[in-house]
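J.: This is the content of input19.txt (compact mmCIF, N, CA and C atoms):
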# COMPACT_ATOMS: atom_id res chain seq x y z
N MET A 209 -3.83 9.05 -15.45
CA MET A 209 -2.66 8.64 -14.72
C MET A 209 -2.48 7.15 -14.93
N THR A 210 -1.27 6.71 -15.08
CA THR A 210 -1.02 5.29 -15.31
C THR A 210 -1.19 4.52 -14.02
N GLY A 211 -1.58 3.27 -14.15
CA GLY A 211 -1.80 2.44 -12.98
C GLY A 211 -0.60 1.57 -12.67
N ARG A 212 -0.54 1.11 -11.44
CA ARG A 212 0.50 0.17 -11.05
C ARG A 212 0.11 -1.20 -11.55
N ARG A 213 1.01 -2.14 -11.40
CA ARG A 213 0.73 -3.51 -11.83
C ARG A 213 -0.41 -4.11 -11.03
N SER A 214 -0.59 -3.65 -9.78
CA SER A 214 -1.65 -4.20 -8.95
C SER A 214 -3.01 -3.61 -9.32
N GLY A 215 -3.03 -2.64 -10.23
CA GLY A 215 -4.29 -2.06 -10.67
C GLY A 215 -4.67 -0.80 -9.93
N ARG A 216 -3.96 -0.48 -8.84
CA ARG A 216 -4.26 0.75 -8.10
C ARG A 216 -3.64 1.94 -8.81
N PRO A 217 -4.28 3.09 -8.78
CA PRO A 217 -3.67 4.27 -9.39
C PRO A 217 -2.45 4.72 -8.60
N LEU A 218 -1.49 5.23 -9.30
CA LEU A 218 -0.28 5.75 -8.68
C LEU A 218 -0.55 7.18 -8.23
N VAL A 219 -0.64 7.39 -6.91
CA VAL A 219 -0.92 8.71 -6.35
C VAL A 219 0.29 9.15 -5.56
N PRO A 220 0.84 10.31 -5.87
CA PRO A 220 1.98 10.79 -5.10
C PRO A 220 1.61 10.98 -3.63
N ALA A 221 2.55 10.68 -2.74
CA ALA A 221 2.29 10.75 -1.31
C ALA A 221 1.91 12.15 -0.86
N TYR A 222 2.47 13.18 -1.50
CA TYR A 222 2.18 14.54 -1.05
C TYR A 222 0.71 14.90 -1.28
N LEU A 223 0.03 14.21 -2.17
CA LEU A 223 -1.40 14.48 -2.36
C LEU A 223 -2.22 13.99 -1.18
N SER A 224 -1.80 12.88 -0.56
CA SER A 224 -2.53 12.37 0.59
C SER A 224 -2.35 13.26 1.81
N THR A 225 -1.26 14.02 1.86
CA THR A 225 -1.02 14.90 3.00
C THR A 225 -1.43 16.34 2.71
N GLY A 226 -2.01 16.59 1.57
CA GLY A 226 -2.41 17.95 1.22
C GLY A 226 -1.23 18.83 0.86
N GLY A 227 -0.14 18.22 0.41
CA GLY A 227 1.03 18.98 0.01
C GLY A 227 2.00 19.26 1.14
N VAL A 228 1.69 18.81 2.34
CA VAL A 228 2.57 19.03 3.49
C VAL A 228 3.66 17.96 3.48
N ALA A 229 4.91 18.39 3.62
CA ALA A 229 6.02 17.45 3.53
C ALA A 229 6.58 17.05 4.89
N ARG A 230 6.36 17.88 5.91
CA ARG A 230 6.93 17.60 7.23
C ARG A 230 5.84 17.59 8.29
N PRO A 231 5.93 16.65 9.25
CA PRO A 231 4.94 16.62 10.32
C PRO A 231 5.10 17.81 11.25
N THR A 232 4.03 18.17 11.94
CA THR A 232 4.07 19.31 12.85
C THR A 232 4.85 19.01 14.12
N ARG A 233 5.15 17.75 14.36
CA ARG A 233 5.93 17.35 15.53
C ARG A 233 6.98 16.33 15.13
N ASN A 234 8.16 16.46 15.71
CA ASN A 234 9.26 15.54 15.39
C ASN A 234 9.30 14.33 16.29
N SER A 235 8.36 14.22 17.23
CA SER A 235 8.40 13.14 18.20
C SER A 235 7.90 11.82 17.63
N LEU A 236 7.28 11.83 16.47
CA LEU A 236 6.76 10.60 15.89
C LEU A 236 7.89 9.82 15.21
N GLU A 237 8.16 8.65 15.76
CA GLU A 237 9.17 7.77 15.18
C GLU A 237 8.47 6.64 14.44
N ARG A 238 9.24 5.84 13.76
CA ARG A 238 8.67 4.73 12.99
C ARG A 238 7.95 3.73 13.89
N LEU A 239 8.43 3.55 15.13
CA LEU A 239 7.84 2.59 16.04
C LEU A 239 6.96 3.24 17.11
N SER A 240 6.63 4.52 16.93
CA SER A 240 5.69 5.17 17.85
C SER A 240 4.34 4.48 17.73
N LEU A 241 3.69 4.31 18.86
CA LEU A 241 2.41 3.62 18.89
C LEU A 241 1.27 4.63 18.79
N LEU A 242 0.45 4.49 17.76
CA LEU A 242 -0.69 5.38 17.54
C LEU A 242 -1.95 4.71 18.07
N THR A 243 -2.75 5.47 18.81
CA THR A 243 -4.02 4.98 19.31
C THR A 243 -5.09 5.94 18.84
N GLY A 244 -6.10 5.39 18.16
CA GLY A 244 -7.13 6.23 17.58
C GLY A 244 -8.36 6.36 18.45
N ASP A 245 -9.05 7.45 18.25
CA ASP A 245 -10.32 7.69 18.90
C ASP A 245 -11.38 6.86 18.18
N GLU A 246 -12.34 6.34 18.91
CA GLU A 246 -13.37 5.52 18.27
C GLU A 246 -14.34 6.36 17.46
N HIS A 247 -14.45 7.64 17.78
CA HIS A 247 -15.35 8.53 17.05
C HIS A 247 -14.60 9.15 15.87
N VAL A 248 -15.13 8.96 14.69
CA VAL A 248 -14.53 9.54 13.48
C VAL A 248 -15.45 10.68 13.03
N PRO A 249 -14.97 11.93 13.15
CA PRO A 249 -15.83 13.05 12.75
C PRO A 249 -16.02 13.13 11.24
N ASP A 250 -17.12 13.72 10.85
CA ASP A 250 -17.38 13.93 9.43
C ASP A 250 -16.53 15.09 8.91
N GLY A 251 -16.27 15.08 7.62
CA GLY A 251 -15.57 16.18 6.98
C GLY A 251 -14.06 16.08 6.98
N LEU A 252 -13.51 14.96 7.45
CA LEU A 252 -12.06 14.78 7.39
C LEU A 252 -11.65 14.43 5.97
N PRO A 253 -10.47 14.87 5.53
CA PRO A 253 -9.97 14.42 4.23
C PRO A 253 -9.83 12.90 4.21
N ALA A 254 -9.88 12.34 3.03
CA ALA A 254 -9.94 10.89 2.87
C ALA A 254 -8.77 10.16 3.53
N ALA A 255 -7.56 10.66 3.38
CA ALA A 255 -6.39 9.97 3.93
C ALA A 255 -6.43 9.97 5.46
N ARG A 256 -6.84 11.08 6.07
CA ARG A 256 -6.95 11.14 7.53
C ARG A 256 -8.06 10.23 8.02
N HIS A 257 -9.15 10.19 7.29
CA HIS A 257 -10.26 9.32 7.62
C HIS A 257 -9.81 7.86 7.54
N ALA A 258 -9.06 7.51 6.52
CA ALA A 258 -8.56 6.14 6.36
C ALA A 258 -7.62 5.76 7.50
N LEU A 259 -6.80 6.70 7.95
CA LEU A 259 -5.89 6.43 9.06
C LEU A 259 -6.68 6.15 10.33
N LEU A 260 -7.70 6.94 10.60
CA LEU A 260 -8.52 6.70 11.78
C LEU A 260 -9.25 5.37 11.69
N LYS A 261 -9.74 5.04 10.51
CA LYS A 261 -10.42 3.76 10.32
C LYS A 261 -9.44 2.59 10.50
N ALA A 262 -8.19 2.77 10.08
CA ALA A 262 -7.19 1.71 10.25
C ALA A 262 -6.91 1.46 11.73
N LEU A 263 -6.90 2.53 12.51
CA LEU A 263 -6.68 2.38 13.95
C LEU A 263 -7.92 1.80 14.62
N ASP A 264 -9.09 2.20 14.17
CA ASP A 264 -10.39 1.65 14.60
C ASP A 264 -10.46 1.41 16.11
N GLY A 265 -10.11 2.42 16.89
CA GLY A 265 -10.20 2.30 18.33
C GLY A 265 -9.10 1.46 18.96
N GLY A 266 -8.15 0.98 18.16
CA GLY A 266 -7.04 0.17 18.65
C GLY A 266 -5.73 0.91 18.51
N SER A 267 -4.65 0.17 18.49
CA SER A 267 -3.31 0.77 18.39
C SER A 267 -2.47 0.06 17.35
N LEU A 268 -1.70 0.84 16.61
CA LEU A 268 -0.73 0.34 15.64
C LEU A 268 0.49 1.24 15.67
N THR A 269 1.62 0.70 15.26
CA THR A 269 2.80 1.56 15.11
C THR A 269 2.66 2.36 13.82
N VAL A 270 3.48 3.38 13.68
CA VAL A 270 3.47 4.20 12.47
C VAL A 270 3.79 3.33 11.25
N VAL A 271 4.75 2.42 11.39
CA VAL A 271 5.14 1.56 10.27
C VAL A 271 4.01 0.62 9.88
N GLU A 272 3.35 0.03 10.87
CA GLU A 272 2.23 -0.87 10.58
C GLU A 272 1.10 -0.14 9.89
N THR A 273 0.83 1.09 10.35
CA THR A 273 -0.23 1.89 9.74
C THR A 273 0.13 2.22 8.30
N ALA A 274 1.39 2.56 8.05
CA ALA A 274 1.83 2.87 6.69
C ALA A 274 1.66 1.66 5.78
N ALA A 275 2.01 0.49 6.28
CA ALA A 275 1.87 -0.73 5.48
C ALA A 275 0.40 -1.02 5.19
N LEU A 276 -0.44 -0.84 6.19
CA LEU A 276 -1.87 -1.10 6.03
C LEU A 276 -2.51 -0.14 5.03
N LEU A 277 -2.10 1.13 5.09
CA LEU A 277 -2.67 2.14 4.18
C LEU A 277 -1.94 2.20 2.85
N GLU A 278 -0.84 1.46 2.73
CA GLU A 278 -0.01 1.46 1.52
C GLU A 278 0.46 2.88 1.18
N LEU A 279 0.94 3.56 2.22
CA LEU A 279 1.51 4.91 2.09
C LEU A 279 2.92 4.91 2.64
N PRO A 280 3.74 5.84 2.22
CA PRO A 280 5.08 5.95 2.81
C PRO A 280 4.99 6.33 4.28
N VAL A 281 5.97 5.92 5.06
CA VAL A 281 6.00 6.24 6.49
C VAL A 281 5.99 7.75 6.69
N SER A 282 6.69 8.48 5.84
CA SER A 282 6.74 9.93 5.97
C SER A 282 5.35 10.55 5.84
N ALA A 283 4.53 10.03 4.95
CA ALA A 283 3.17 10.55 4.78
C ALA A 283 2.31 10.22 5.99
N VAL A 284 2.47 9.03 6.53
CA VAL A 284 1.68 8.65 7.72
C VAL A 284 2.10 9.49 8.92
N ARG A 285 3.38 9.83 9.02
CA ARG A 285 3.82 10.71 10.11
C ARG A 285 3.16 12.08 10.02
N VAL A 286 3.02 12.61 8.81
CA VAL A 286 2.35 13.90 8.62
C VAL A 286 0.88 13.79 8.98
N LEU A 287 0.21 12.75 8.49
CA LEU A 287 -1.21 12.57 8.76
C LEU A 287 -1.47 12.36 10.25
N ALA A 288 -0.65 11.53 10.88
CA ALA A 288 -0.82 11.25 12.31
C ALA A 288 -0.59 12.50 13.14
N ALA A 289 0.42 13.30 12.79
CA ALA A 289 0.69 14.53 13.52
C ALA A 289 -0.51 15.49 13.44
N ASP A 290 -1.13 15.57 12.27
CA ASP A 290 -2.32 16.42 12.13
C ASP A 290 -3.46 15.92 13.01
N LEU A 291 -3.65 14.60 13.05
CA LEU A 291 -4.72 14.03 13.86
C LEU A 291 -4.43 14.15 15.36
N ILE A 292 -3.16 14.12 15.73
CA ILE A 292 -2.78 14.35 17.13
C ILE A 292 -3.11 15.79 17.51
N ASP A 293 -2.79 16.72 16.61
CA ASP A 293 -3.10 18.14 16.86
C ASP A 293 -4.60 18.37 17.02
N LEU A 294 -5.41 17.56 16.33
CA LEU A 294 -6.87 17.68 16.43
C LEU A 294 -7.42 16.92 17.64
N GLY A 295 -6.58 16.16 18.32
CA GLY A 295 -7.02 15.40 19.47
C GLY A 295 -7.72 14.09 19.14
N LEU A 296 -7.58 13.63 17.90
CA LEU A 296 -8.25 12.40 17.47
C LEU A 296 -7.37 11.17 17.59
N VAL A 297 -6.07 11.38 17.73
CA VAL A 297 -5.11 10.28 17.84
C VAL A 297 -4.13 10.65 18.94
N SER A 298 -3.72 9.64 19.70
CA SER A 298 -2.64 9.86 20.67
C SER A 298 -1.46 8.99 20.26
N ALA A 299 -0.27 9.44 20.62
CA ALA A 299 0.94 8.71 20.25
C ALA A 299 1.79 8.48 21.50
N ARG A 300 2.38 7.31 21.55
CA ARG A 300 3.29 6.97 22.63
C ARG A 300 4.63 6.62 22.02
N PRO A 301 5.72 7.12 22.60
CA PRO A 301 7.03 6.79 22.03
C PRO A 301 7.29 5.30 22.13
N PRO A 302 8.16 4.78 21.27
CA PRO A 302 8.45 3.35 21.31
C PRO A 302 9.09 2.94 22.63
N VAL A 303 8.84 1.72 23.02
CA VAL A 303 9.43 1.19 24.24
C VAL A 303 10.92 0.96 23.99
N PRO A 304 11.78 1.51 24.85
CA PRO A 304 13.21 1.32 24.62
C PRO A 304 13.60 -0.14 24.84
N PRO A 305 14.62 -0.59 24.13
CA PRO A 305 15.05 -1.98 24.32
C PRO A 305 15.48 -2.20 25.77
N ALA A 306 15.15 -3.34 26.29
CA ALA A 306 15.50 -3.66 27.68
C ALA A 306 17.01 -3.76 27.82
N ALA A 307 17.47 -3.37 28.98
CA ALA A 307 18.90 -3.48 29.26
C ALA A 307 19.27 -4.95 29.36
N LEU A 308 20.44 -5.28 28.90
CA LEU A 308 20.89 -6.67 28.95
C LEU A 308 21.16 -7.07 30.40
N HIS A 309 20.77 -8.27 30.73
CA HIS A 309 20.99 -8.77 32.08
C HIS A 309 22.44 -9.19 32.25
N ASP A 310 22.90 -9.08 33.47
CA ASP A 310 24.26 -9.49 33.79
C ASP A 310 24.34 -11.02 33.77
N PRO A 311 25.18 -11.61 32.89
CA PRO A 311 25.26 -13.07 32.82
C PRO A 311 25.68 -13.70 34.15
N ASP A 312 26.53 -13.00 34.90
CA ASP A 312 26.96 -13.53 36.19
C ASP A 312 25.78 -13.64 37.15
N LEU A 313 24.91 -12.64 37.15
CA LEU A 313 23.73 -12.67 38.00
C LEU A 313 22.81 -13.82 37.61
N LEU A 314 22.60 -14.02 36.31
CA LEU A 314 21.75 -15.11 35.85
C LEU A 314 22.33 -16.47 36.25
N LYS A 315 23.65 -16.61 36.19
CA LYS A 315 24.29 -17.87 36.58
C LYS A 315 24.09 -18.11 38.07
N ARG A 316 24.24 -17.07 38.89
CA ARG A 316 24.06 -17.23 40.34
C ARG A 316 22.61 -17.60 40.67
N VAL A 317 21.64 -17.01 39.97
CA VAL A 317 20.23 -17.34 40.19
C VAL A 317 19.97 -18.79 39.82
N ALA A 318 20.48 -19.23 38.67
CA ALA A 318 20.31 -20.63 38.26
C ALA A 318 20.95 -21.59 39.26
N ASP A 319 22.15 -21.25 39.75
CA ASP A 319 22.81 -22.09 40.76
C ASP A 319 21.99 -22.15 42.04
N GLY A 320 21.43 -21.02 42.43
CA GLY A 320 20.59 -20.98 43.63
C GLY A 320 19.33 -21.83 43.49
N LEU A 321 18.72 -21.79 42.30
CA LEU A 321 17.53 -22.61 42.05
C LEU A 321 17.88 -24.10 42.06
N ARG A 322 19.02 -24.44 41.48
CA ARG A 322 19.46 -25.84 41.52
C ARG A 322 19.70 -26.31 42.95
N ALA A 323 20.28 -25.42 43.78
CA ALA A 323 20.55 -25.78 45.17
C ALA A 323 19.24 -25.99 45.95
N LEU A 324 18.20 -25.21 45.63
CA LEU A 324 16.91 -25.38 46.29
C LEU A 324 16.24 -26.68 45.89
N LYS A 325 16.46 -27.10 44.66
CA LYS A 325 15.84 -28.31 44.13
C LYS A 325 16.38 -29.54 44.83
N GLN A 326 17.63 -29.53 45.24
CA GLN A 326 18.26 -30.71 45.84
C GLN A 326 17.92 -30.87 47.27
Could you spell out this file's structure in structure tokens?
T.:
Amino acid sequence: MTGRRSGRPLVPAYLSTGGVARPTRNSLERLSLLTGDEHVPDGLPAARHALLKALDGGSLTVVETAALLELPVSAVRVLAADLIDLGLVSARPPVPPAALHDPDLLKRVADGLRALKQ
């Protein structure tokens, strides 16, 4: 197989997932937070083992994990879903963006603070 310019072999993403193209759950988004178990069992396929090692008892988003493992996000979603099914990884949905504050309310608070200062 020909190598990339960086010297790493070019491996199709479907090989890292065992030929699976879709995750078992659709709840995993790009910004879902993955938290790994500190115990890594023996006998896991290499890509799943690498994902658990990348999490190393901490938390990363799906996108961060994909960048760290140098795999497509779609492949990491498949791998993470498998590990969630095994109970080795937990996932939390991304935090929704905060609602915008009312500018009028912020102005009244600032005016009130100024009045207290005087």
J.: So which one's closest to Arg300 of chain A, A:Leu259, A:Val286, A:Glu272, A:Thr243? Using all atoms listed in the file, please.
T.: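 So, comparing all the options, the nearest one is A:Thr243.
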J.: Write out as a PyMOL selection string each polymer residue whose atoms come within 9 Å of Asp245 of chain A, counting only C-alpha atoms; drop sequence neighbours fewer than 2 positions from it.
T.: chain A and resi 243+247-248+260+263-266+295-298
J.: Suppose you want the space between atom C of Thr225 of chain A and atom N of Leu268 of chain A; what is it in Å?
T.: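 According to the coordinates, atom C of Thr225 of chain A and atom N of Leu268 of chain A are separated by 20.8 Å.
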J.: What are the DSSP strand (DSSP E) residues of segment 264-319 of chain A, as a tab-separated table (two decimals) with N, CA and C atoms, keeping the file's coordinate frame?
T.:
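Below is the file that was written, selection_26.tsv:
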chain	number	residue	atom	x	y	z
A	267	SER	N	-4.65	0.17	18.49
A	267	SER	CA	-3.31	0.77	18.39
A	267	SER	C	-2.47	0.06	17.35
A	268	LEU	N	-1.70	0.84	16.61
A	268	LEU	CA	-0.73	0.34	15.64
A	268	LEU	C	0.49	1.24	15.67
A	269	THR	N	1.62	0.70	15.26
A	269	THR	CA	2.80	1.56	15.11
A	269	THR	C	2.66	2.36	13.82
A	297	VAL	N	-6.07	11.38	17.73
A	297	VAL	CA	-5.11	10.28	17.84
A	297	VAL	C	-4.13	10.65	18.94
A	298	SER	N	-3.72	9.64	19.70
A	298	SER	CA	-2.64	9.86	20.67
A	298	SER	C	-1.46	8.99	20.26
A	299	ALA	N	-0.27	9.44	20.62
A	299	ALA	CA	0.94	8.71	20.25
A	299	ALA	C	1.79	8.48	21.50
A	300	ARG	N	2.38	7.31	21.55
A	300	ARG	CA	3.29	6.97	22.63
A	300	ARG	C	4.63	6.62	22.02
J.: Quote the spacing between atom CA of Pro302 of chain A and atom CA of Asn234 of chain A in Å to one decimal place.
T.: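 Atom-to-atom, atom CA of Pro302 of chain A and atom CA of Asn234 of chain A are spaced 13.6 Å apart.
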J.: Restricting the calculation to only C-alpha atoms: of A:Ala299, A:Leu294, A:Ala255, A:Leu287, which residue gets closest to Thr269 of chain A?
T.: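 Comparing A:Ala299, A:Leu294, A:Ala255, A:Leu287 against Thr269 of chain A, the winner is A:Ala299.
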